[in-house]
Structures are given as C-alpha cells and as structure tokens.
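Structure file start_25.csv (CSV, C-alpha atoms) follows.
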```
chain,number,residue,atom,x,y,z
A,1,MET,CA,4.0,-36.9,119.7
A,2,ILE,CA,6.1,-38.4,116.9
A,3,ASP,CA,4.7,-35.8,114.4
A,4,ALA,CA,5.7,-33.0,116.7
A,5,LEU,CA,9.2,-34.4,117.0
A,6,LEU,CA,9.5,-34.9,113.2
A,7,SER,CA,8.4,-31.3,112.6
A,8,ILE,CA,11.0,-30.0,115.1
A,9,LEU,CA,13.6,-32.2,113.4
A,10,LEU,CA,12.6,-30.9,109.9
A,11,GLY,CA,12.7,-27.4,111.2
A,12,LEU,CA,16.2,-27.8,112.6
A,13,MET,CA,17.4,-29.4,109.3
A,14,LEU,CA,16.0,-26.5,107.4
A,15,LEU,CA,17.7,-24.0,109.7
A,16,ALA,CA,21.0,-25.9,109.3
A,17,THR,CA,20.7,-25.9,105.5
A,18,LEU,CA,20.0,-22.2,105.5
A,19,MET,CA,23.0,-21.5,107.7
A,20,LEU,CA,25.2,-23.6,105.4
A,21,ILE,CA,24.0,-21.8,102.3
A,22,ARG,CA,24.7,-18.5,104.1
A,23,VAL,CA,28.3,-19.6,105.0
A,24,LEU,CA,28.9,-20.8,101.5
A,25,LEU,CA,27.7,-17.5,100.0
A,26,LYS,CA,30.0,-15.6,102.3
A,27,LEU,CA,32.9,-17.9,101.4
A,28,ASN,CA,32.2,-17.4,97.7
A,29,LYS,CA,32.3,-13.6,98.2
A,30,LEU,CA,35.6,-13.9,100.0
A,31,VAL,CA,37.1,-16.0,97.3
A,32,LYS,CA,36.0,-13.4,94.7
A,33,VAL,CA,37.6,-10.6,96.7
A,34,TYR,CA,40.9,-12.4,97.2
A,35,THR,CA,41.1,-13.4,93.5
A,36,SER,CA,40.6,-9.8,92.5
A,37,ILE,CA,43.3,-8.6,94.9
A,38,LEU,CA,45.7,-11.3,93.6
A,39,ARG,CA,45.1,-10.3,90.1
A,40,VAL,CA,45.8,-6.6,90.9
A,41,ARG,CA,49.1,-7.6,92.6
A,42,GLU,CA,50.2,-9.8,89.7
A,43,SER,CA,49.5,-7.0,87.2
A,44,GLU,CA,51.6,-4.7,89.4
A,45,LEU,CA,54.4,-7.1,89.6
A,46,VAL,CA,54.6,-8.1,86.0
A,47,VAL,CA,56.5,-5.5,83.9
A,48,LYS,CA,55.1,-5.6,80.4
A,49,LYS,CA,58.3,-5.1,78.6
A,50,LEU,CA,61.8,-4.3,79.8
A,51,ARG,CA,63.0,-1.4,77.8
A,52,LYS,CA,66.6,-0.2,77.5
A,53,ARG,CA,67.9,3.2,78.4
A,54,TYR,CA,71.2,4.6,77.3
A,55,VAL,CA,73.0,7.0,79.7
A,56,VAL,CA,75.6,9.3,78.2
A,57,PHE,CA,78.2,10.3,80.8
A,58,THR,CA,81.6,11.9,81.1
A,59,ALA,CA,84.4,11.1,83.6
A,60,ILE,CA,86.6,13.8,85.0
A,61,CYS,CA,89.7,12.2,86.6
A,62,GLU,CA,93.2,13.0,87.6
A,63,GLU,CA,94.5,10.8,84.8
A,64,LYS,CA,92.7,9.3,81.9
A,65,VAL,CA,90.9,6.0,82.8
A,66,LYS,CA,90.5,2.8,80.8
A,67,PHE,CA,87.3,1.1,79.7
A,68,GLU,CA,87.7,-2.0,82.0
A,69,ASP,CA,88.7,0.1,85.1
A,70,LEU,CA,85.6,2.3,84.7
A,71,ALA,CA,83.3,-0.7,84.2
A,72,GLU,CA,84.7,-2.4,87.3
A,73,ALA,CA,84.4,0.7,89.5
A,74,VAL,CA,80.8,1.4,88.5
A,75,SER,CA,79.7,-2.2,88.9
A,76,SER,CA,81.3,-2.6,92.3
A,77,LYS,CA,79.7,0.7,93.4
A,78,PHE,CA,76.3,-0.4,92.2
A,79,ARG,CA,76.6,-3.8,94.1
A,80,GLU,CA,77.8,-2.0,97.2
A,81,LEU,CA,74.8,0.3,97.2
A,82,PHE,CA,71.9,-1.8,95.9
A,83,SER,CA,73.0,-5.5,96.3
A,84,GLU,CA,73.7,-8.2,93.8
A,85,SER,CA,70.1,-9.0,93.0
A,86,THR,CA,69.3,-5.4,91.9
A,87,TYR,CA,72.6,-5.4,89.9
A,88,TYR,CA,71.6,-8.3,87.7
A,89,LYS,CA,68.0,-7.0,87.3
A,90,ALA,CA,69.4,-3.6,86.2
A,91,SER,CA,72.1,-5.3,84.1
A,92,PRO,CA,74.2,-2.2,83.4
A,93,GLN,CA,76.6,-2.6,80.5
A,94,LEU,CA,79.3,-0.2,79.3
A,95,VAL,CA,78.5,-0.1,75.6
A,96,PHE,CA,81.0,2.5,74.5
A,97,PHE,CA,83.7,4.6,76.1
A,98,ASP,CA,86.0,6.9,74.3
A,99,GLU,CA,89.3,7.0,76.2
A,100,ASN,CA,90.4,10.2,74.6
A,101,THR,CA,87.4,12.3,75.4
A,102,GLN,CA,86.5,10.3,78.5
A,103,ARG,CA,82.9,10.1,77.4
A,104,GLY,CA,80.8,7.0,77.1
A,105,VAL,CA,77.4,5.3,77.0
A,106,TYR,CA,75.9,2.8,79.5
A,107,ARG,CA,73.0,0.6,78.8
A,108,VAL,CA,70.6,-0.2,81.6
A,109,THR,CA,67.0,-1.5,82.2
A,110,HIS,CA,64.5,1.3,82.4
A,111,VAL,CA,63.1,0.1,85.8
A,112,TYR,CA,66.5,0.6,87.5
A,113,LEU,CA,67.5,3.8,85.7
A,114,ASP,CA,67.4,5.9,88.9
A,115,HIS,CA,69.4,3.4,90.9
A,116,PHE,CA,72.0,3.3,88.1
A,117,ILE,CA,72.4,7.1,87.9
A,118,ALA,CA,72.8,7.3,91.7
A,119,ALA,CA,75.5,4.6,91.6
A,120,LEU,CA,77.3,6.1,88.6
A,121,GLY,CA,77.5,9.6,90.1
A,122,LEU,CA,78.8,8.3,93.4
A,123,VAL,CA,81.9,6.7,92.0
A,124,LYS,CA,84.8,8.7,93.5
A,125,LYS,CA,87.8,6.5,92.8
A,126,ILE,CA,88.9,4.5,89.8
A,127,ARG,CA,92.1,2.5,90.3
A,128,ASP,CA,93.1,4.8,93.2
A,129,LYS,CA,92.7,7.9,91.0
A,130,ASN,CA,90.3,10.6,92.1
A,131,CYS,CA,87.4,10.9,89.8
A,132,ILE,CA,83.9,12.3,89.3
A,133,VAL,CA,81.5,10.7,86.8
A,134,ILE,CA,78.8,13.0,85.5
A,135,PRO,CA,75.7,11.6,83.9
A,136,LEU,CA,74.9,14.0,81.0
A,137,ARG,CA,71.7,12.7,79.3
A,138,THR,CA,69.5,9.6,79.0
A,139,THR,CA,68.1,8.4,75.6
A,140,GLY,CA,66.2,5.5,74.3
A,141,THR,CA,68.4,4.6,71.4
A,142,LEU,CA,72.1,3.9,71.0
A,143,LYS,CA,72.3,5.9,67.8
A,144,LYS,CA,71.1,9.1,69.6
A,145,ALA,CA,73.4,8.3,72.6
A,146,ARG,CA,76.5,8.1,70.3
A,147,GLU,CA,75.5,11.4,68.7
A,148,LEU,CA,75.2,13.1,72.0
A,149,THR,CA,78.6,12.0,73.2
A,150,ARG,CA,80.0,14.1,70.3
A,151,LYS,CA,77.5,17.0,70.5
A,152,LEU,CA,76.9,17.6,74.2
A,153,ARG,CA,79.0,20.4,75.7
A,154,PHE,CA,80.1,20.3,79.3
B,1,MET,CA,71.9,22.7,80.9
B,2,GLU,CA,69.6,24.8,83.2
B,3,ARG,CA,71.4,26.3,86.1
B,4,PHE,CA,69.3,26.7,89.3
B,5,PHE,CA,71.0,24.8,92.0
B,6,ALA,CA,72.5,26.2,95.2
B,7,ASP,CA,75.1,24.8,97.6
B,8,ILE,CA,74.6,26.0,101.2
B,9,HIS,CA,77.9,24.4,102.5
B,10,ALA,CA,81.1,24.4,100.5
B,11,VAL,CA,84.3,24.3,102.5
B,12,THR,CA,86.8,25.6,100.0
B,13,CYS,CA,85.9,27.9,97.1
B,14,SER,CA,89.0,28.1,94.9
B,15,ARG,CA,88.5,29.1,91.3
B,16,GLU,CA,88.7,25.5,90.1
B,17,VAL,CA,86.0,24.4,92.5
B,18,LEU,CA,83.7,27.3,91.6
B,19,GLN,CA,84.1,26.6,87.9
B,20,LEU,CA,83.1,23.0,88.4
B,21,HIS,CA,80.2,24.2,90.5
B,22,TYR,CA,79.1,26.3,87.6
B,23,LYS,CA,79.5,23.5,85.1
B,24,LEU,CA,77.3,21.3,87.3
B,25,GLY,CA,74.5,23.8,87.3
B,26,TYR,CA,75.1,25.7,90.6
B,27,THR,CA,74.4,29.4,90.7
B,28,HIS,CA,74.7,30.2,94.4
B,29,VAL,CA,77.4,28.9,96.8
B,30,ALA,CA,77.9,29.6,100.5
B,31,CYS,CA,81.5,29.1,101.4
B,32,LEU,CA,83.4,28.5,104.6
B,33,GLU,CA,86.9,29.5,103.4
B,34,ARG,CA,86.7,31.9,100.5
B,35,ARG,CA,90.0,32.0,98.6
B,36,LEU,CA,88.8,34.2,95.7
B,37,GLU,CA,89.6,37.9,95.9
B,38,ARG,CA,86.9,40.5,95.4
B,39,GLY,CA,86.5,41.7,91.8
B,40,SER,CA,87.4,38.3,90.3
B,41,ASP,CA,85.5,37.8,87.1
B,42,LEU,CA,83.4,34.7,87.8
B,43,VAL,CA,80.3,35.3,85.9
B,44,GLY,CA,77.0,33.7,86.8
B,45,ILE,CA,77.8,32.5,90.3
B,46,SER,CA,77.1,34.2,93.6
B,47,VAL,CA,79.3,33.4,96.6
B,48,VAL,CA,78.6,34.3,100.2
B,49,ASN,CA,80.5,33.7,103.4
B,50,LYS,CA,79.4,31.1,105.8
B,51,VAL,CA,80.1,30.4,109.4
B,52,VAL,CA,79.4,27.2,111.4
B,53,ILE,CA,79.2,27.6,115.2
B,54,ASN,CA,79.7,24.6,117.3
B,55,ALA,CA,77.9,25.2,120.5
B,56,SER,CA,77.6,23.1,123.6
B,57,SER,CA,76.0,25.8,125.9
B,58,VAL,CA,73.7,28.7,125.3
B,59,SER,CA,76.1,31.2,126.8
B,60,ASP,CA,78.9,30.2,124.4
B,61,LEU,CA,76.4,30.5,121.5
B,62,LYS,CA,75.4,34.0,122.6
B,63,ILE,CA,79.0,35.1,122.7
B,64,ASP,CA,79.8,33.6,119.3
B,65,LEU,CA,76.7,35.1,117.7
B,66,GLY,CA,77.6,38.5,119.0
B,67,ARG,CA,80.9,38.5,117.1
B,68,ILE,CA,79.5,37.5,113.7
B,69,GLU,CA,78.5,39.9,110.9
B,70,TYR,CA,75.2,38.0,110.4
B,71,LYS,CA,73.8,40.4,107.9
B,72,SER,CA,76.3,39.3,105.1
B,73,THR,CA,77.0,35.8,106.3
B,74,ILE,CA,75.1,32.5,106.4
B,75,VAL,CA,75.1,31.5,110.0
B,76,THR,CA,74.8,27.8,110.8
B,77,VAL,CA,74.7,26.4,114.3
B,78,HIS,CA,75.8,22.9,115.1
B,79,PRO,CA,74.0,22.3,118.4
B,80,GLU,CA,75.5,19.7,120.7
B,81,THR,CA,72.7,19.8,123.4
B,82,THR,CA,68.9,19.9,123.2
B,83,GLU,CA,68.9,23.2,125.1
B,84,VAL,CA,71.2,24.9,122.5
B,85,ALA,CA,69.1,23.4,119.6
B,86,ARG,CA,65.9,24.8,121.1
B,87,TRP,CA,67.4,28.2,121.8
B,88,CYS,CA,69.1,28.7,118.4
B,89,THR,CA,65.8,27.8,116.6
B,90,HIS,CA,64.1,31.0,117.6
B,91,ASP,CA,67.1,33.3,117.1
B,92,SER,CA,66.7,35.3,113.9
B,93,ARG,CA,70.5,35.6,113.4
B,94,VAL,CA,70.7,31.9,112.8
B,95,ASP,CA,69.9,30.8,109.2
B,96,THR,CA,70.2,27.0,109.4
B,97,ILE,CA,70.7,24.2,112.0
B,98,LEU,CA,73.2,21.6,111.1
B,99,LEU,CA,72.5,17.9,111.5
B,100,THR,CA,75.5,15.6,111.7
B,101,PRO,CA,76.1,12.0,113.0
B,102,ARG,CA,77.5,13.6,116.1
B,103,ASN,CA,74.3,15.5,117.2
B,104,ILE,CA,71.6,13.4,115.6
B,105,GLN,CA,70.2,12.5,119.1
B,106,VAL,CA,69.4,16.2,119.7
B,107,PHE,CA,66.7,16.2,116.9
B,108,ASP,CA,63.5,14.9,118.3
B,109,LYS,CA,59.8,15.5,117.7
B,110,GLY,CA,59.9,18.6,119.9
B,111,GLN,CA,62.8,20.1,118.0
B,112,PHE,CA,61.1,19.6,114.6
B,113,ASN,CA,57.9,21.2,116.0
B,114,VAL,CA,59.9,24.3,117.1
B,115,MET,CA,61.7,24.4,113.8
B,116,LYS,CA,58.4,24.3,111.9
B,117,TYR,CA,57.0,27.0,114.1
B,118,TYR,CA,59.9,29.4,113.5
B,119,ASP,CA,60.4,28.3,109.9
B,120,LYS,CA,64.1,27.4,110.4
B,121,PRO,CA,65.5,24.9,107.9
B,122,LEU,CA,67.6,21.9,108.8
B,123,GLU,CA,71.0,21.6,107.0
B,124,VAL,CA,72.3,18.1,106.1
B,125,LEU,CA,75.6,17.4,104.4
B,126,VAL,CA,75.6,15.1,101.4
B,127,PRO,CA,78.7,13.1,102.3
B,128,HIS,CA,77.2,12.2,105.6
B,129,LEU,CA,74.2,10.8,103.8
B,130,LEU,CA,76.1,9.0,101.1
B,131,TYR,CA,79.4,7.8,102.5
B,132,SER,CA,78.5,7.0,106.2
B,133,SER,CA,78.3,3.6,107.8
B,134,SER,CA,75.0,1.6,107.7
B,135,ASP,CA,74.1,2.5,111.3
B,136,VAL,CA,74.4,6.2,110.7
B,137,LYS,CA,72.5,5.9,107.4
B,138,SER,CA,69.6,4.2,109.2
B,139,GLN,CA,69.5,7.0,111.8
B,140,PHE,CA,69.5,9.6,109.0
B,141,TYR,CA,66.7,7.6,107.2
B,142,ARG,CA,64.5,7.9,110.3
B,143,LYS,CA,65.2,11.5,111.0
B,144,LEU,CA,64.7,12.7,107.4
B,145,ASN,CA,61.4,10.9,107.0
B,146,MET,CA,60.2,12.3,110.3
B,147,LEU,CA,61.3,15.7,109.1
B,148,LEU,CA,59.3,15.3,105.9
B,149,ARG,CA,56.2,14.2,107.9
B,150,TRP,CA,56.6,17.4,110.0
B,151,LYS,CA,56.9,19.4,106.8
B,152,VAL,CA,60.1,21.2,108.1
B,153,GLY,CA,62.3,22.7,105.3
B,154,PHE,CA,65.7,21.2,104.8
B,155,VAL,CA,68.7,22.1,102.7
B,156,LEU,CA,71.6,20.0,101.4
B,157,GLY,CA,75.2,21.1,101.4
B,158,THR,CA,78.0,19.4,99.4
B,159,TYR,CA,80.8,19.9,101.9
B,160,THR,CA,83.2,20.4,99.0
B,161,LYS,CA,86.9,20.6,99.9
B,162,GLY,CA,88.2,20.0,96.4
B,163,PRO,CA,86.9,19.5,92.8
B,164,PHE,CA,86.6,15.7,93.2
B,165,ASP,CA,84.3,16.0,96.2
B,166,LEU,CA,81.5,17.5,94.2
B,167,VAL,CA,78.5,15.4,93.4
B,168,HIS,CA,76.2,16.2,90.5
B,169,PRO,CA,72.8,17.5,91.9
B,170,VAL,CA,70.8,15.1,89.7
B,171,VAL,CA,72.8,12.2,91.3
B,172,VAL,CA,72.0,13.6,94.7
B,173,VAL,CA,68.3,13.7,93.8
B,174,LYS,CA,68.3,10.1,92.5
B,175,ALA,CA,70.4,8.8,95.5
B,176,MET,CA,67.9,10.4,97.9
B,177,LYS,CA,65.1,8.8,96.1
B,178,THR,CA,66.6,5.3,95.9
B,179,LEU,CA,68.5,5.2,99.2
B,180,TYR,CA,66.3,7.3,101.5
B,181,ASP,CA,62.9,7.0,99.9
B,182,LEU,CA,62.6,10.8,99.8
B,183,PRO,CA,60.4,12.3,97.1
B,184,GLU,CA,62.3,13.9,94.3
B,185,ARG,CA,60.3,17.1,94.8
B,186,ALA,CA,61.6,17.5,98.4
B,187,THR,CA,65.2,16.9,97.4
B,188,ILE,CA,65.0,19.3,94.5
B,189,LEU,CA,63.6,22.0,96.8
B,190,ALA,CA,66.5,21.3,99.2
B,191,LEU,CA,69.0,21.9,96.4
B,192,THR,CA,67.3,24.9,94.7
B,193,ASN,CA,64.7,27.2,96.2
B,194,THR,CA,65.3,27.0,99.9
B,195,PRO,CA,69.1,27.5,99.9
B,196,ARG,CA,68.9,30.0,97.1
B,197,GLN,CA,66.5,32.2,99.1
B,198,LEU,CA,68.9,32.0,102.1
B,199,ILE,CA,71.9,33.0,100.0
B,200,ASP,CA,70.1,35.7,98.2
B,201,ARG,CA,69.3,37.4,101.5
B,202,LYS,CA,73.0,37.7,102.2
B,203,ARG,CA,74.2,38.2,98.7
B,204,VAL,CA,77.4,40.0,98.0
B,205,ASN,CA,78.5,39.5,94.4
B,206,LEU,CA,82.2,38.9,93.8
```
Once more with this new file: its structure as structure tokens, please.
Amino acid sequence: MIDALLSILLGLMLLATLMLIRVLLKLNKLVKVYTSILRVRESELVVKKLRKRYVVFTAICEEKVKFEDLAEAVSSKFRELFSESTYYKASPQLVFFDENTQRGVYRVTHVYLDHFIAALGLVKKIRDKNCIVIPLRTTGTLKKARELTRKLRF
Amino acid sequence: MERFFADIHAVTCSREVLQLHYKLGYTHVACLERRLERGSDLVGISVVNKVVINASSVSDLKIDLGRIEYKSTIVTVHPETTEVARWCTHDSRVDTILLTPRNIQVFDKGQFNVMKYYDKPLEVLVPHLLYSSSDVKSQFYRKLNMLLRWKVGFVLGTYTKGPFDLVHPVVVVKAMKTLYDLPERATILALTNTPRQLIDRKRVNL
C-alpha cells in the first residue's frame, strides 16, 4: 500500500518537474525573442553620427532684410510647425547671409533636413514685409555652399 | 533647374507672377483671371483659362456647365452637397473636383469610390493645407490619407494672387511629407504629371 502511494507520489513529482522544465524553456525562448526585438529597436533609434547639411537659399522680399530678422522669422516658423523639441534636435543656424544679394547658407542636422526645408519655404513675412524664401541647393560642406551662393543663378 | 511643374489653380496671372512661376520651375499654369494679352512673349510657359463653379444643386450645375467653353477651359466644380459631388464626378466636362474646408464633409468613402471609377482627380489648394487652423488640418490629414488608400489621383493648386503667395514646389513636397505623412512620390505626381496632362488637353499657347 505504502509502496503504491510512494510510486504515485514519485510519478506526480516527476510530472511536476517536467512541467516546470517546459515552462522554463518557454520563458527562455520569450526572453530571447524580446531581447532581439529590443536590440533592433535600439539600433533603429540610435543615429550613428549626426551629419551637417548646408542649405543655400535666397530671399525675395519687398525690401532688403537683415540677418537677425531672417533668422528670427525662420526659427519662429520652425517652432510653430514642428515644436520646440524638433527645433533643438534640428538646430538650424544661419551661418552666412549676404544682405546685398539676399542669399545665405543655413546649417542643419541631416535627420531634420526635410522639416527645415518645409519651414524655410513657408516663411511669408519678415518684420511685416512680404517675402518668399527659396531653398536653392543642399550641400555637405560649407565651402561648397559658399561657392554656390555666388555661382547659382535664379 | 529642371522645369516640369504645373499649377492647376492660380488666381491672378500677371506678367510678374508668371515670371516667378517660371523661375520656380513651373511650365504649365491654369489661371482664373488672365491679365496677359494674347501674343505676349512669355517663352516656356503654357497658360490656360480656368473656371470654378460653386454648385449647391444639380440643376444650377447643369445650367453653369452649359454656359462654359469646356474644350479650352479647365473646369473645376466646388460641390456643396453630396448629390452635386456624385453627379459632377461622372460628367466628362468637369476636369477636377475642389476640396476646401467648406465642403470637406461631402467627401466620403462613396465619393472616393466614384472618383476612382471615373478617374476624376481631386483638387486641393496649398494655402488650405499649410495655413489653416489645426482642426482643418486634421480633417485634411484624414481625407488625404484616405484618398491615397483609395488610389484616387489628386492635384495641388497654389491659389496665387500675387508674387509673394507662391510657394516653391520642393517646399510643398517636403511640407506634405513632414506635416501630412504623404509619400513624396504622390505629391510630386500631384504637382507634375497629373495637372500637366489636364492642362495639355486644353492648351492654348499665349
């Protein structure tokens, strides 16, 4: 009688152990899958290197505009369209602006180049003067950008 | 710069505006008020007349369409009711159907289905997309993405009244991509091939 009970107990223990091993194996698999998903997501999120892009543009206005006024108008338009957080990630800077020819160069992060071009082109007023700002070309170096401000015809 | 853009909806077409159009890369323009005289030497740009019909009933629309020289004019209907929208979709005299914040409720799944069946493009004006309030923009966002899912053609007009109203076509493409999540390819088609084909059909060189 006792032998039979012991054998049943052993059988039950064996079954429980097997079940536990199975659950552990499944958990291990799940952990592996989740880790791989997280790795992929992290690799997508991390940008390897933030590169700079230089946008050559020209401003056509009723009257000639100044460096500071243009920079202010573009930055406020960018903030209005794409929020403050995108603005500091894009970090657009007016590198150079010739007030005689009304041409200049903007530096911006390559990830937000499209956002910047959209904001730049949608500037309609600078200090209450009607304006249109036209992006002419995008380059990877400031030297080339400066050359293009002289060479490009519009 | 390569010139291949077309503007399906310009309000004023003075010499100054057309010159700026040309500089920005437009070759075809459809104009509501044409101020240039015939024979003016504007090389490289084709201008055609355009008419917008505001219709609230089918009978009014029929009367208006009867008066128009549709063979040399781009005919756009701005439907104010669903009935007019459905009716003008299958009329071959109508070239495009205009979507504005005023009639955005008219355009539903059924309307897009009919437009796809009759291959009638939807016309949207750039200022409505770029300078409207957030509520209007969100309505446009939903409608435009639905339109793309239905694979209905659409065209973009600049609604230019003066030289400072024009927007560079590349800026429009980038703005549509970043603000409305539209693929660049779809926007480029809306600014090039689709409107150009419509204008070429009615082309009368100045």
Exercise for review: Within 7 Å of chain B, which residues of chain A are there when counting all atoms listed in the file? Please give them as a VMD selection string.
Suggested key: chain A and resid 114 to 115 117 to 118 121 130 to 132 134 154
**Study point:** Nearest to Thr149 in chain A by atom-to-atom distance, counting all atoms listed in the file, from A:Val56, A:Lys129, A:Ser91, A:Glu80
**Key:**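 Of all the options, A:Val56 lies closest to Thr149 in chain A.
The spacing separating CA of Arg150 in chain A from CA of Gln93 in chain A amounts to 19.9 Å.
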Point to revise | Selection near Arg51 in chain A, 12 Å with only C-alpha atoms, sequence-local residues under 6 positions removed, as a count of residues only | key: 12
**Study point:** Spatial neighbours of Arg103 in chain A, max dist 12 Å, all atoms listed in the file, sep filter under 6 positions, as a PyMOL selection string
**Key:** chain A and resi 55-61+64-67+70+94-97+133-137+145-154
Exercise for review: For each of B:Thr12, B:Asp60, B:Arg3, B:Glu69, take the minimum atom-to-atom distance to Val47 in chain B, counting all atoms listed in the file, then give the residue where this is smallest.
Suggested key: B:Thr12
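Between CA of Asn193 in chain B and CA of Phe4 in chain B lies a distance of 8.3 Å.
Interatomic distance, CA of Arg41 in chain A to CA of Leu25 in chain A: 24.7 Å.
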Exercise for review: Would you mind telling me which residue in B:Thr73, B:Asn145, B:Ser56, B:Ser14 lies nearest to Val106 in chain B when using all atoms listed in the file?
Suggested key: B:Ser56
